[in-house]
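Step one of this worksheet: look at the structure below.
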Amino acid sequence: MPAVRTRHLCSVAAALVLTAAAPAATAATAAPQDPAGLREVLFVGNNWDGTADVLESTGDFARIGRVDVVPDKARRMAEINADPIKWIYFQAIRNSVGEGHDQFADDMYTTPDGRSVVVSRPSFADVVSVDLASGSINWRFPVAGYRADHMAVSPDGTRVAVSASTANTVHVLDIGTGKQLGSFATGDKPHENVFTKDGKYIWNMSIGDVNTALDDPFWDWTKGDRHITVADATTYKQVRTIDMRRRLDAIGLKNFSNAVRPAVFSPDESKLYFQVSFFNGFLEYDVASDSITRVKTLPKNPATSEDRTTWVNDSRHHGLSMNPGGTKLCVAGTMDDYATVVDRASLQEGPLVPAAKPYWATVSGDGKDCVVSESGADQVTAIDFATGRKVVSVPVGDHPQRVRLGHVPAGWTGPSAG
């Protein structure tokens with residue numbers, strides 16, 4: 001994506017302000033060339049079968065290869081079966097957030113040289129680097145606690161931040177060695193992580209306890225401490241925390257959850273767009289004024305039950321991306337079984353594209369399409385940002401979730417996991 005120059009004014013005692021020093025680049029700006037000898041691709045994490053499908057990053061999104069991200073499964077299972085506490089947590093993950101399945105591939109990023117893919121594995125409570133030529137594990141980092149979750153990669157590709165969801169901690173690792181560079185505390189159940197474009201800060205969103213049946217707004221206080229933690233990405237010290245509860249209450253949304261789910265910055269990082277638990281839509285947060293400035297409610301699917309306890313992990317909509325020009329948002333309407341492109345200026349949604357439990361939204365390599373993972377149909381679907389209409393669907397493995405751009409060596413086609 002085109003570079004955007006920003007400067008950041010921050011203080012522990014005052015609001016963190018992110019101010020653009022130059023206008024955002026447009027989607028028409030020429031994309032940078034791939035590094036020599038490397039090919040840009042999309043990695044699709046198939047969470048329930050422990051694989052990652054590798055697709056073309058543009059065009060027809062054809063599958064290039066597949067990677068087994070649990071080649072050490074027998075060894076990990078032996079360790080879990082030998083430890084009663086690990087076994088209890090393993091079973092709890094399977095029967096709660098896993099919907100009766102193990103979670104083996106949550107998030108992933110490739111190393112700058114394209115030789116390895118780094119994957120967070122919730123059920124194994126770790127992060128591993130898998131060699132893309134041999135399929136073997138280069139390094140393994142066990143996270144604190146008993147579950148690994150969402151990750152983020154630094155703008156220069158050298159560091160990954162991973163949420164350790166049962167330990168209320170984010171670890172920051174060297175992507176090449178797996179060595180921990182630092183960590184910081186978060187709210188309850190850290191989830192999404194976002195690096196700022198200059199690599200100076202990490203924003204972490206904690207979502208609280210999403211597995212209880214106390215989903216009525218009256219019981220919202222039982223969900224735990226949910227807030228955004230802004231951390232310095234050099235010292236790993238907390239710079240600021242942002243609890244959306246007060247900001248929601250200020251505009252009369254007292255019955256809204258303050259559990260921030262997927263989130264995306266505008267190109268100049270002056271606005272943050274985010275989803276919250278139980279809500280069919282998203283909100284706009286102005287960083288400088290520290291306030292929620294707009295709320296977009298999207299259509300409900302009449303076939304979707306209004307019983308909140310039937311919604312997966314307190315989600316209603318889960319997945320949000322923005323085109324490089326910052327003019328369109330793409331929303332995965334998870335429990336409402338559609339995805340849609342929304343005009344950022346007017347907040348008018350386009351066609352509702354049918355999709356089976358879409359779980360994530362990202363941007364194609366050329367910036368023209370939104371790519372959503374249909375976890376209920378085992379496929380990914382590309383939607384044209386310009387028209388809001390479906391381009392193509394491509395079959396992938398069991399329960400695709402995170403979709404990330406990455407690189408592999410030119411000519412790479414394996415190793416294959418079947």
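Going through the structure tokens in order, the chains are called A, B, and so on, while each chain numbers its residues from 1 and the ligands are numbered from 1 in the order shown.
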Could you produce a table of the residues of segment 45-125 of chain A lying within 9 Å of segment 35-38 of chain A, with the nearest pair of atoms per residue and their separation in Å rounded to one decimal, using only C-alpha atoms, ordered by chain and increasing residue number, as a Markdown table?
| residue | atom | partner | partner_atom | distance |
| --- | --- | --- | --- | --- |
| A:Pro112 | CA | A:Pro35 | CA | 8.8 |
| A:Asp113 | CA | A:Leu38 | CA | 7.8 |
| A:Gly114 | CA | A:Leu38 | CA | 6.6 |
Okay, now the selection with all heavy atoms, as a JSON list (two decimals), in the first residue's frame?
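Output file selection.json follows:
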[["chain", "number", "residue", "atom", "x", "y", "z"],
["A", 112, "PRO", "N", 9.96, -11.45, 6.01],
["A", 112, "PRO", "CA", 10.31, -10.56, 4.89],
["A", 112, "PRO", "C", 10.98, -11.26, 3.72],
["A", 112, "PRO", "O", 10.83, -10.84, 2.58],
["A", 112, "PRO", "CB", 11.25, -9.54, 5.55],
["A", 112, "PRO", "CG", 10.83, -9.51, 6.98],
["A", 112, "PRO", "CD", 10.45, -10.92, 7.30],
["A", 113, "ASP", "N", 11.72, -12.36, 3.99],
["A", 113, "ASP", "CA", 12.39, -13.08, 2.91],
["A", 113, "ASP", "C", 11.49, -14.09, 2.22],
["A", 113, "ASP", "O", 11.90, -14.75, 1.26],
["A", 113, "ASP", "CB", 13.67, -13.75, 3.40],
["A", 113, "ASP", "CG", 13.42, -14.79, 4.49],
["A", 113, "ASP", "OD1", 12.24, -15.16, 4.73],
["A", 113, "ASP", "OD2", 14.41, -15.23, 5.12],
["A", 114, "GLY", "N", 10.24, -14.23, 2.69],
["A", 114, "GLY", "CA", 9.29, -15.14, 2.06],
["A", 114, "GLY", "C", 9.59, -16.61, 2.28],
["A", 114, "GLY", "O", 8.95, -17.47, 1.66]]
I need the helix (DSSP H, G or I) residues of segment 308-374 of chain A per DSSP on the backbone, written as an MDAnalysis selection string.
chainID A and resid 308:310 312:314 334:336
Restricting to only C-alpha atoms, whichever of A:Val408, A:Val295, A:Val392, A:Val380 is closest to Val44 of chain A is A:Val380
Could you give me, as JSON lines, every segment 174-288 of chain A residue with an atom at most 7 Å from segment 317-336 of chain A, plus its closest atom pair and distance in Å to one decimal, counting only C-alpha atoms, rows ordered by chain then number?
{"residue": "A:Arg261", "atom": "CA", "partner": "A:His318", "partner_atom": "CA", "distance": 6.9}
{"residue": "A:Pro262", "atom": "CA", "partner": "A:Gly319", "partner_atom": "CA", "distance": 5.7}
{"residue": "A:Ala263", "atom": "CA", "partner": "A:Leu320", "partner_atom": "CA", "distance": 6.3}
{"residue": "A:Val264", "atom": "CA", "partner": "A:Ser321", "partner_atom": "CA", "distance": 6.2}
{"residue": "A:Ser266", "atom": "CA", "partner": "A:Gly326", "partner_atom": "CA", "distance": 5.9}
{"residue": "A:Pro267", "atom": "CA", "partner": "A:Gly326", "partner_atom": "CA", "distance": 5.9}
{"residue": "A:Gln275", "atom": "CA", "partner": "A:His318", "partner_atom": "CA", "distance": 6.9}
{"residue": "A:Phe279", "atom": "CA", "partner": "A:His317", "partner_atom": "CA", "distance": 6.6}
{"residue": "A:Asn280", "atom": "CA", "partner": "A:His317", "partner_atom": "CA", "distance": 5.5}
{"residue": "A:Gly281", "atom": "CA", "partner": "A:His317", "partner_atom": "CA", "distance": 6.7}
I'd like the contact shell of Arg402 of chain A - 6 Å cut-off, only C-alpha atoms, skipping same-chain residues fewer than 6 positions apart - returned as a PyMOL selection string.
chain A and resi 45+107+360
Using only C-alpha atoms, find the one residue out of A:Asp72, A:Ala231, A:Gly208, A:Arg140 that sits nearest to Ala161 of chain A.
A:Ala231
Contacts between segment 90-94 of chain A and segment 105-150 of chain A, please, where a residue of segment 105-150 of chain A counts if it comes within 10 Å (with only C-alpha atoms); show its shortest atom pair and distance in Å to one decimal, rows by chain and ascending number, as a tab-separated table.
residue	atom	partner	partner_atom	distance
A:Pro122	CA	A:Ile93	CA	8.0
A:Ser123	CA	A:Phe90	CA	5.8
A:Phe124	CA	A:Phe90	CA	7.6
A:Ala125	CA	A:Phe90	CA	8.9
A:Tyr146	CA	A:Phe90	CA	7.9
A:Arg147	CA	A:Ile93	CA	8.1
Pairwise distance for atom CA of Gln348 of chain A and atom CA of Arg294 of chain A, rounded to one decimal in Å:
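Pair atom CA of Gln348 of chain A / atom CA of Arg294 of chain A returns 12.5 Å.
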Near Val54 of chain A, counting only C-alpha atoms, which residues have an atom at most 8 Å away, once you skip same-chain residues fewer than 5 positions from it, shown as a PyMOL selection string?
chain A and resi 41-44+63-67
Among segment 209-337 of chain A, which ones does DSSP place in strand (DSSP E), written as a PyMOL selection string?
chain A and resi 228-232+238-242+260-265+271-276+281-286+291-297+320-322+328-333
Output the selection as a tab-separated table (two decimals), in the first residue's frame - C-alpha atoms for each residue.
chain	number	residue	atom	x	y	z
A	228	ILE	CA	-8.02	-0.49	23.99
A	229	THR	CA	-4.41	-0.51	25.17
A	230	VAL	CA	-2.00	1.72	23.26
A	231	ALA	CA	1.59	0.59	23.84
A	232	ASP	CA	4.93	2.01	22.77
A	238	GLN	CA	1.45	1.44	28.05
A	239	VAL	CA	0.94	4.93	26.61
A	240	ARG	CA	-2.79	5.10	27.08
A	241	THR	CA	-5.95	3.07	27.59
A	242	ILE	CA	-9.28	3.85	25.94
A	260	VAL	CA	-13.98	-3.57	20.40
A	261	ARG	CA	-13.64	-6.30	17.78
A	262	PRO	CA	-11.92	-5.95	14.34
A	263	ALA	CA	-10.80	-2.39	13.68
A	264	VAL	CA	-9.11	-0.44	10.90
A	265	PHE	CA	-7.53	3.01	10.73
A	271	LYS	CA	-10.12	7.90	12.41
A	272	LEU	CA	-10.56	4.38	13.75
A	273	TYR	CA	-13.46	2.28	12.47
A	274	PHE	CA	-14.42	-0.64	14.69
A	275	GLN	CA	-17.01	-3.29	15.38
A	276	VAL	CA	-18.31	-4.19	18.84
A	281	GLY	CA	-22.67	-2.37	12.06
A	282	PHE	CA	-19.62	-0.34	13.04
A	283	LEU	CA	-18.57	2.93	14.66
A	284	GLU	CA	-16.21	5.77	13.77
A	285	TYR	CA	-13.83	7.09	16.44
A	286	ASP	CA	-11.99	10.40	16.02
A	291	SER	CA	-14.91	10.69	20.68
A	292	ILE	CA	-17.22	8.47	18.64
A	293	THR	CA	-18.33	10.61	15.73
A	294	ARG	CA	-20.56	8.34	13.63
A	295	VAL	CA	-22.44	5.06	13.97
A	296	LYS	CA	-23.46	2.88	11.04
A	297	THR	CA	-26.20	0.30	11.55
A	320	LEU	CA	-13.58	-5.01	8.65
A	321	SER	CA	-11.20	-3.65	5.99
A	322	MET	CA	-10.66	-0.44	4.02
A	328	LYS	CA	-14.64	2.37	1.03
A	329	LEU	CA	-15.07	0.02	3.97
A	330	CYS	CA	-15.81	-3.68	3.63
A	331	VAL	CA	-17.83	-5.34	6.37
A	332	ALA	CA	-18.23	-9.03	7.15
A	333	GLY	CA	-21.75	-9.48	8.52
Need the shell around Met244 of chain A: protein/DNA/RNA residues with any atom at most 8 Å away, counting only C-alpha atoms. Skip same-chain ones fewer than 6 positions apart. Format as a PyMOL selection string?
chain A and resi 227+258-260
Rounded to one decimal place, report the atom CA of Phe184 of chain A-atom CA of Ala233 of chain A distance in Å.
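These two atoms are separated by 9.8 Å.
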List the neighbours of segment 95-99 of chain A out to 9 Å using only C-alpha atoms; skip same-chain residues closer than 6 positions along the sequence, and give me the result as a CSV table (one decimal) with N, CA and C atoms, in the first residue's frame.
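For reference, around_31.csv as written:
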chain,number,residue,atom,x,y,z
A,47,ASN,N,-8.8,-22.8,10.2
A,47,ASN,CA,-8.6,-22.9,11.6
A,47,ASN,C,-8.8,-24.3,12.1
A,48,TRP,N,-9.8,-25.0,11.6
A,48,TRP,CA,-10.2,-26.3,12.2
A,48,TRP,C,-9.4,-27.4,11.6
A,123,SER,N,-5.3,-23.5,20.1
A,123,SER,CA,-5.4,-24.8,20.9
A,123,SER,C,-4.1,-25.2,21.4
A,210,VAL,N,-16.3,-13.8,26.1
A,210,VAL,CA,-17.3,-13.9,25.1
A,210,VAL,C,-18.0,-15.3,25.1
A,211,ASN,N,-17.6,-16.1,26.1
A,211,ASN,CA,-18.2,-17.5,26.1
A,211,ASN,C,-19.2,-17.7,27.1
A,312,VAL,N,-22.0,-16.5,17.5
A,312,VAL,CA,-20.7,-17.1,17.8
A,312,VAL,C,-19.8,-16.1,18.6
A,313,ASN,N,-19.4,-16.5,19.8
A,313,ASN,CA,-18.4,-15.7,20.5
A,313,ASN,C,-18.8,-14.2,20.7
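Atom CA of Pro71 of chain A is found 15.0 Å from atom CA of Asp53 of chain A.
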Could you pull the residues within 12 Å of Val170 of chain A, counting only C-alpha atoms, minus those fewer than 3 positions along the same chain, as a PyMOL selection string?
chain A and resi 143-145+147-152+160-167+173+180-194+202-206+229-231+233+236-238
Could you check the closest approach to Trp412 of chain A for each of A:Arg39, A:Val342, A:Thr110, A:Pro302 and tell me which residue wins, using only C-alpha atoms?
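Going through A:Arg39, A:Val342, A:Thr110, A:Pro302 one by one, the smallest distance to Trp412 of chain A is for A:Arg39.
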